[in-house]
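Contents: one structure, followed by commentary.
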Amino acid sequence: MRTISAQTARRLAITRQRLAAPSGKPNADGILDVVRDLGCLQLDPISVVAPSHQLVVFSRVGPYQRKHLDTLLWEERRLFEAWAHAASIVVTEHFPIHHWIMRRYAAGGWTYSARALAWMKSNDPLRRRILRQIRKEGPLPSRAFEDPSSVGWRTTGWNNDRNVGMMLFFLWRTGQLMVAGRQGGQKRWDFAERCLPDWTPKTRLSEPAIVRSAAEISLRALGVAPARNINHHFVAGKYPNLASALLAFEKQGKIMPLRVTDLDRSWPGTWYVHSDDLALLDRIEAGDWSPRTTLLSPFDNLIRDRARTRLMFGFDFKMEIYVPALERQYGYYVMPVLHGDRLVARVDPVFDRKSRRLSIRAISIEPECDDLSVARSTKDAIAQLATFVAASGIDYNGRVPTRWRRTLSA
């Protein structure tokens, strides 16, 4: 079995995540390439600096015009919104995978889907009213629908008794509706067949074929990974009989098993690399690798799997959004700093849309990462973020490392 170093594994992962130099092209085709390689962009309603999915693209192509992403979604329809590991933007080319997930949900095949289907059945008048109204009037926001529910949706979360919203959500999860557009942040819903372009691949593949396709996307996005990482990435947890698929891949020579060593220890388990990436792996081992420095969304694909991030980078990352302000260690919306093949710092920014100022509330550096060259690269990365959000300036008005203060303010 081939053995590679932890540094090589990190560099391969970073490269396949499109975070090595050079950055991608900041146009529609470049953005599509990013989403295709990553598999998905997670959607999240928090927008302290910019929406997370926009930040994930920014980290890979630098400042870009957001209209390019909107064009891919709402005009060309080369991207659409679906449930991958969470609500996400995905590639229309991968529709057979996502359609299979929708069909499984509609059949009660996923966690919580049986409860959702029972609730939908109890509120069939609401379901039929929504579908009838959309059929007649076209794309509509949730506020366009009245609520004749007989049974409220019960949960301890924010969506308790939000029956119209939950019915739309479940109709989306089962593939009957899609997000046709957004207006002021509000989703506009329409029938899937009226949203998808004519060229959308509609072939219904078998479950094993779907798992193989999804596993390849997951592994290639990760660069190098054990089975547990593959299962936790892309369409997380939706890989029935993944072990069989990986065994078949290995016999076919489509993937290669690896051992990853980090100084005097090996990372647990058998790791895999896709055969299409072996030449890239060879180049990286030979020293042909170019680093970049960039800020990462807290929902970035590179660091979404916290256990993997801890193992690969020695970086323990936790969201502190729901932690009381006085108890936060690093900040509210912390963006890790990727510098070459290391996660070297954490930046807590906020963008004031009225003043157009990007405020840096805190910068925390990792052990042995206080070098001034890292400070200069971090400053440049923050400046790139300011350019992306069209900030009029940057204010370092929070906690920053003493050794970095002069460099940051220069």
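By convention in this document, the chains of the structure tokens carry letters A, B, ... by their order, each chain's residues are numbered from 1, and ligands are numbered from 1 in the order they are shown.
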Give me the residues within 7 Å of Lys254 of chain A as a PDB file with C-alpha atoms, in the first residue's frame, counting only C-alpha atoms and dropping any in the same chain fewer than 5 places off.
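Here's the written file selection.pdb:
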ATOM      1  CA  PHE A 249     -13.821   0.633  -7.209  1.00  0.00           C
ATOM      2  CA  HIS A 274      -9.259   8.547  -7.054  1.00  0.00           C
ATOM      3  CA  SER A 275      -7.178   7.191  -9.930  1.00  0.00           C
TER       4      SER A 275
END
- Query: Neighbours of Thr200 of chain A within 8 Å (only C-alpha atoms; same-chain residues fewer than 3 positions away dropped), as a PyMOL selection string?
  - Reply: chain A and resi 92-93+95+196-197
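Pairwise distance (atom CA of Ser149 of chain A, atom CA of Leu43 of chain A) equals 28.2 Å.
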- Query: Rounded to one decimal in Å, what is the spacing between atom CA of Lys318 of chain A and atom CA of Leu358 of chain A?
  - Reply: 22.8 Å
- What's the 12 Å shell around Ser150 of chain A, counting only C-alpha atoms, without same-chain residues fewer than 6 positions away, as a PyMOL selection string? chain A and resi 119-127+161+163-164
- Interatomic distance between atom CA of Trp271 of chain A and atom CA of Ile31 of chain A?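 If I compute the distance from atom CA of Trp271 of chain A to atom CA of Ile31 of chain A, I get 28.9 Å.
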- Option closest in space to Lys354 of chain A, from A:Gly181, A:Asp262, A:Ala391, A:Ala381 [counting only C-alpha atoms]: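 Between A:Gly181, A:Asp262, A:Ala391, A:Ala381, the residue approaching Lys354 of chain A most closely is A:Ala391.
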- Message: Taking only C-alpha atoms into account, name the residue in A:Ile97, A:Ile230, A:Ile394, A:Val323 that is nearest to Pro208 of chain A.
- Response: A:Ile97
- Which residue of A:Ile89, A:Cys369, A:Leu242, A:Ala390 approaches Phe351 of chain A most closely, using only C-alpha atoms: A:Ala390
- Task: Write down as number ranges by chain the residues of segment 34-269 of chain A whose backbone DSSP state falls under strand (DSSP E).
- Result: A: 41-42, 79-83, 87-91, 177-183, 186-191, 255-262, 265-266
Please write the residues from the selection above to a file, keeping C-alpha atoms, as a PDB file, in the first residue's frame.
ATOM      1  CA  LEU A  41     -22.560  24.962  -1.759  1.00  0.00           C
ATOM      2  CA  GLN A  42     -24.353  24.946   1.580  1.00  0.00           C
ATOM      3  CA  LEU A  79     -27.368  25.113 -10.876  1.00  0.00           C
ATOM      4  CA  PHE A  80     -30.390  24.521  -8.642  1.00  0.00           C
ATOM      5  CA  GLU A  81     -31.258  24.237  -4.956  1.00  0.00           C
ATOM      6  CA  ALA A  82     -31.547  20.771  -3.419  1.00  0.00           C
ATOM      7  CA  TRP A  83     -30.812  18.926  -0.190  1.00  0.00           C
ATOM      8  CA  ALA A  87     -29.972  22.859   1.885  1.00  0.00           C
ATOM      9  CA  SER A  88     -27.490  23.549  -0.901  1.00  0.00           C
ATOM     10  CA  ILE A  89     -26.813  24.757  -4.399  1.00  0.00           C
ATOM     11  CA  VAL A  90     -25.964  21.799  -6.628  1.00  0.00           C
ATOM     12  CA  VAL A  91     -25.122  21.134 -10.269  1.00  0.00           C
ATOM     13  CA  LEU A 177     -41.536  21.697  -6.162  1.00  0.00           C
ATOM     14  CA  MET A 178     -38.298  23.582  -6.720  1.00  0.00           C
ATOM     15  CA  VAL A 179     -37.027  27.025  -5.862  1.00  0.00           C
ATOM     16  CA  ALA A 180     -37.686  28.947  -9.074  1.00  0.00           C
ATOM     17  CA  GLY A 181     -36.041  32.150  -7.891  1.00  0.00           C
ATOM     18  CA  ARG A 182     -35.537  34.476  -4.972  1.00  0.00           C
ATOM     19  CA  GLN A 183     -36.874  37.966  -4.432  1.00  0.00           C
ATOM     20  CA  GLN A 186     -37.721  35.050  -0.245  1.00  0.00           C
ATOM     21  CA  LYS A 187     -37.962  31.788  -2.170  1.00  0.00           C
ATOM     22  CA  ARG A 188     -40.397  31.624  -5.083  1.00  0.00           C
ATOM     23  CA  TRP A 189     -41.767  28.121  -5.604  1.00  0.00           C
ATOM     24  CA  ASP A 190     -42.767  26.369  -8.821  1.00  0.00           C
ATOM     25  CA  PHE A 191     -43.145  22.867 -10.211  1.00  0.00           C
ATOM     26  CA  ILE A 255      -9.450   4.211  -6.510  1.00  0.00           C
ATOM     27  CA  MET A 256      -6.189   3.426  -4.728  1.00  0.00           C
ATOM     28  CA  PRO A 257      -5.812   2.719  -0.998  1.00  0.00           C
ATOM     29  CA  LEU A 258      -3.283   4.809   0.893  1.00  0.00           C
ATOM     30  CA  ARG A 259      -1.653   5.047   4.280  1.00  0.00           C
ATOM     31  CA  VAL A 260      -1.156   8.584   5.597  1.00  0.00           C
ATOM     32  CA  THR A 261       1.674   9.171   8.066  1.00  0.00           C
ATOM     33  CA  ASP A 262       2.061  12.216  10.287  1.00  0.00           C
ATOM     34  CA  ARG A 265       1.984   8.025  13.635  1.00  0.00           C
ATOM     35  CA  SER A 266      -0.452   6.978  10.941  1.00  0.00           C
TER      36      SER A 266
END
- Message: Counting only C-alpha atoms, which residue out of A:Asp276, A:Glu146, A:Asp341, A:Glu320 sits closest to Pro291 of chain A?
- Response: A:Asp341
- Message: Using DSSP secondary structure from the backbone, list all helix (DSSP H, G or I) positions within segment 47-264 of chain A, as a ChimeraX atom specification.
- Response: /A:52-61,67-75,92-106,113-122,124-137,142-144,163-173,192-195,207-222,227-232,242-252
